[in-house]
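Asker: Okay, handing you the structure first.
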Amino acid sequence: MKRTLYLKFLIGYVAFGILGFLTIATFTSRLTLNFIERDTASSLYREANLLAANYAANYYRGNMTLEDVTSHFNAVSTYLDATIQVLSKNGQILISSGQEASTSMVENFDITAFGTSYYQTGSFFGAFEEETLSVFSPITINYKVRGYVMVHQPVTDLVALKDGFINISYMTLAIIFLCAFIVLGLFTYTVFLPIRKITRAAKDYSEGNFETQINIQTNDEIGYLAASLNYMATELSTLEEDQRKFIANVSHDFRSPLTSIKGYIEAIMDGTIPHEMQDKYLNIILFETERLNKLTQSMLELNKYGARGSMLDISSFDINNTIKLVAQSFEGICQEKKISFELILTGQTSFVSADISKIQQVLYNLIDNAIKFSHPDSTITVETTEKNEKVFISVKDTGIGIPKDCIKKIWERFYKTDLSRGKDKRGTGLGLAIVKDIISAHNENINVISTEGVGTEFIFTLPLTAEPSMS
């Protein structure tokens, strides 16, 4: 089983809880006990100083009786919950309150055992059976140490206080752990589950299933990623469909003339077609061959633009004159269909910077399309307009128009509308794709405006340039 990202977070969550517990149970517990020990020792030391200076010293001076001193010590002992003693320099117990020492002498008593500190923990030279915190303060009279006030408190009291603080720490850790669990839940809902949806969808996409949609509606990076993947899937699905259509269209456009050529040649060879009629069918074969050649050349031309391998021969030329020449080339077919041209050209000349042969091809394809889909006795208008250092060239017909749902698809390779396929079987479906790529290669734009049953207008731009000087 693969270790998922969510499993890693769960392991991290549990590890956080375990490490937190161990930290409190060891490191925090030890630090807390040390802090309580130092703080208690400091408090007991202040009390021992007061007792040594105010009571024990007066006792040694004879200003207070043993009973009075013992009474005060007992009161303070009760308040502090500690044992208070007065020891001589050699360890003899002179006064004792609270828990009694086991002997009247503290064997092996040596105040230097405290070192530089005023407190220590232990059995206090064997005087107590349990571990005890012992604090001392010297009784000084005339700058001489006469004895020591000792304050003893069982370490078990300090441990109990420490345990109280540790229990609070455990409760705090539990609350933090609960908050972390809530955060984990929010992470699961807002991050992990969306990522899992994205991962599953990506797997479907890699298997070629582009129908899967990622249903994530959030205004964050994950939502943006999901929307981008949904868009990508839609585009890939469209591309896949376009590829199928492309192959189907190529097959159709090649199969039809090849079938005709094959059929007529077989008919000629087996004598089905009489000798006197062979010239007619040979002309048909020639026509179909030329159609195949035109289709092949168009595909090669379009492939060059798609691969950005075609070099443009940019020069300055008069677009008005170019339009006139291209329009004249359609004079014969226009007479047959009783179609006329209306040329509305800005100025006598209008020089542009472009590849003249490629722009001639653009004009030829656009005018050829306009003638194909125009009604008899109609007019095709070609117009130029200069604006913002550009020339806008328009080719407009009053023919059958383009259906609204087909306008975005007319630039696709081999795309033909149903009206086109029904009216003109000779078209390759590559003309407008070539036009689009030529204009794009010039870094210019081309647009189409069409209303079904009214007509179509194509408009493209070219950069204006100064008229070349005569040398």
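FYI, nothing fancy with the structure tokens labels: chains A, B, ... in order, residues from 1 per chain, ligands from 1 as they appear.
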Env of Phe317 in chain A: 8 Å cut, atoms = only C-alpha atoms, seq-sep filter 3 positions within chain, self excluded. Answer as a list of chain:residue names.
Answerer: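 So, after excluding close chain neighbours, the residues are A:Phe351, A:Val352, A:Ser353, A:Ala354, A:Ile356.
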Asker: Give me the range 53-117 of chain A side of the contact with range 154-175 of chain A, cut-off 10 Å, one line per residue showing its nearest atom pair and distance in Å at one decimal, counting only C-alpha atoms, sorted by chain and residue number, as JSON lines.
Answerer:
{"residue": "A:Asp81", "atom": "CA", "partner": "A:Pro154", "partner_atom": "CA", "distance": 9.3}
{"residue": "A:Ala82", "atom": "CA", "partner": "A:Pro154", "partner_atom": "CA", "distance": 7.7}
{"residue": "A:Thr83", "atom": "CA", "partner": "A:Pro154", "partner_atom": "CA", "distance": 9.0}
Asker: Might you pull out every residue within 8 Å of Phe109 in chain A, with only C-alpha atoms counted and same-chain residues fewer than 4 positions away left off, and present them as a VMD selection string?
Answerer: chain A and resid 90 to 91 125
Asker: Fewer than 3 positions away in the same chain doesn't count, so skip those; otherwise give me all residues within 6 Å of range 337-350 of chain A, counting only C-alpha atoms, as a PDB file with N, CA and C atoms, in the first residue's frame.
Answerer:
ATOM      1  N   ASP A 318       1.600  48.102 -53.103  1.00  0.00           N
ATOM      2  CA  ASP A 318       0.311  48.799 -53.115  1.00  0.00           C
ATOM      3  C   ASP A 318      -0.805  47.770 -52.992  1.00  0.00           C
ATOM      4  N   ILE A 319      -1.497  47.780 -51.839  1.00  0.00           N
ATOM      5  CA  ILE A 319      -2.553  46.797 -51.613  1.00  0.00           C
ATOM      6  C   ILE A 319      -3.746  47.044 -52.536  1.00  0.00           C
ATOM      7  N   ASN A 320      -3.974  48.322 -52.916  1.00  0.00           N
ATOM      8  CA  ASN A 320      -5.095  48.620 -53.822  1.00  0.00           C
ATOM      9  C   ASN A 320      -4.893  47.942 -55.176  1.00  0.00           C
ATOM     10  N   CYS A 334     -17.066  34.996 -62.548  1.00  0.00           N
ATOM     11  CA  CYS A 334     -18.069  35.970 -62.123  1.00  0.00           C
ATOM     12  C   CYS A 334     -19.084  36.219 -63.250  1.00  0.00           C
ATOM     13  N   PRO A 376     -26.573  34.246 -57.501  1.00  0.00           N
ATOM     14  CA  PRO A 376     -26.432  34.912 -58.818  1.00  0.00           C
ATOM     15  C   PRO A 376     -26.994  36.335 -58.755  1.00  0.00           C
ATOM     16  N   ASP A 377     -26.456  37.190 -59.595  1.00  0.00           N
ATOM     17  CA  ASP A 377     -26.874  38.600 -59.669  1.00  0.00           C
ATOM     18  C   ASP A 377     -26.639  39.331 -58.349  1.00  0.00           C
ATOM     19  N   SER A 378     -25.568  38.954 -57.652  1.00  0.00           N
ATOM     20  CA  SER A 378     -25.233  39.643 -56.398  1.00  0.00           C
ATOM     21  C   SER A 378     -23.897  40.365 -56.549  1.00  0.00           C
ATOM     22  N   THR A 379     -23.515  41.117 -55.515  1.00  0.00           N
ATOM     23  CA  THR A 379     -22.297  41.921 -55.565  1.00  0.00           C
ATOM     24  C   THR A 379     -21.377  41.550 -54.407  1.00  0.00           C
ATOM     25  N   ILE A 380     -20.082  41.447 -54.720  1.00  0.00           N
ATOM     26  CA  ILE A 380     -19.052  41.231 -53.699  1.00  0.00           C
ATOM     27  C   ILE A 380     -18.296  42.541 -53.534  1.00  0.00           C
ATOM     28  N   THR A 381     -18.227  43.017 -52.277  1.00  0.00           N
ATOM     29  CA  THR A 381     -17.593  44.311 -52.006  1.00  0.00           C
ATOM     30  C   THR A 381     -16.235  44.085 -51.352  1.00  0.00           C
ATOM     31  N   VAL A 382     -15.208  44.693 -51.929  1.00  0.00           N
ATOM     32  CA  VAL A 382     -13.871  44.681 -51.333  1.00  0.00           C
ATOM     33  C   VAL A 382     -13.530  46.129 -50.992  1.00  0.00           C
ATOM     34  N   GLU A 383     -13.231  46.370 -49.731  1.00  0.00           N
ATOM     35  CA  GLU A 383     -13.046  47.747 -49.262  1.00  0.00           C
ATOM     36  C   GLU A 383     -11.778  47.848 -48.417  1.00  0.00           C
ATOM     37  N   THR A 384     -11.090  48.978 -48.523  1.00  0.00           N
ATOM     38  CA  THR A 384      -9.919  49.246 -47.676  1.00  0.00           C
ATOM     39  C   THR A 384     -10.166  50.535 -46.889  1.00  0.00           C
ATOM     40  N   THR A 385      -9.695  50.528 -45.636  1.00  0.00           N
ATOM     41  CA  THR A 385      -9.834  51.695 -44.759  1.00  0.00           C
ATOM     42  C   THR A 385      -8.541  51.851 -43.973  1.00  0.00           C
TER      43      THR A 385
END
Asker: What separation in Å, quoted to one decimal, exists between CA of Ala53 in chain A and CA of Phe73 in chain A?
Answerer: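 If I compute the distance from CA of Ala53 in chain A to CA of Phe73 in chain A, I get 12.9 Å.
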Asker: From the list A:Gln243, A:Thr190, A:Ser316, A:Thr32, which residue is nearest Ile222 in chain A when using only C-alpha atoms?
Answerer: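 Closest candidate: A:Thr190.
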Asker: Using only C-alpha atoms, find each residue in range 340-442 of chain A having at least one atom no more than 8 Å away from range 325-333 of chain A; report its shortest atom-to-atom pair and that distance in Å (one decimal), rows by chain then rising number, as a Markdown table.
Answerer:
| residue | atom | partner | partner_atom | distance |
| --- | --- | --- | --- | --- |
| A:Phe341 | CA | A:Ala327 | CA | 7.6 |
| A:Gln360 | CA | A:Val326 | CA | 6.9 |
| A:Leu363 | CA | A:Val326 | CA | 7.0 |
| A:Tyr364 | CA | A:Val326 | CA | 6.3 |
| A:Ile367 | CA | A:Ala327 | CA | 7.7 |
Asker: Identify which of the residues A:Leu133, A:Leu7, A:Ile214, A:Leu366 lies closest to Ile36 in chain A, counting only C-alpha atoms when measuring atom-to-atom distances.
Answerer: A:Leu133
Asker: Could you give me the residues within range 112-325 of chain A that DSSP places in alpha helix (DSSP H), as a VMD selection string?
Answerer: chain A and resid 155 to 187 193 to 206 221 to 269 278 to 306 319 to 325
Asker: Could you work out how far CA of Phe136 in chain A lies from CA of Met150 in chain A, giving the answer in Å with one decimal?
Answerer: 4.5 Å
Asker: Range 79-198 of chain A: which residues are strand (DSSP E or B) by DSSP, as an NGL selection string?
Answerer: :A and (83-88 or 92-96 or 105 or 119-122 or 132-141 or 144-154)
Asker: As a compact mmCIF listing (two decimals) with C-alpha atoms, in the first residue's frame, please: the residues near range 264-271 of chain A (cut-off 9 Å, only C-alpha atoms, same-chain neighbours under 4 positions excluded).
Answerer:
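Saved file result-v7.txt follows:
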# COMPACT_ATOMS: atom_id res chain seq x y z
CA THR A 259 -12.61 6.10 -56.08
CA SER A 260 -13.60 8.04 -59.18
CA HIS A 275 -13.19 4.39 -77.10
CA GLN A 278 -12.61 7.93 -73.25
CA TYR A 281 -13.63 10.45 -68.73
CA LEU A 282 -9.89 11.07 -69.03
CA ILE A 284 -12.67 13.81 -65.41
CA ILE A 285 -9.69 11.78 -64.17
Asker: Do you have the CA of Glu47 in chain A-CA of Ile84 in chain A distance handy?
Answerer: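 Taking CA of Glu47 in chain A and CA of Ile84 in chain A, their separation equals 10.0 Å.
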Asker: Which of these residues is nearest to Thr218 in chain A, using only C-alpha atoms: A:Tyr231, A:Phe181, A:Tyr118, A:Tyr189?
Answerer: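 Closest candidate: A:Tyr189.
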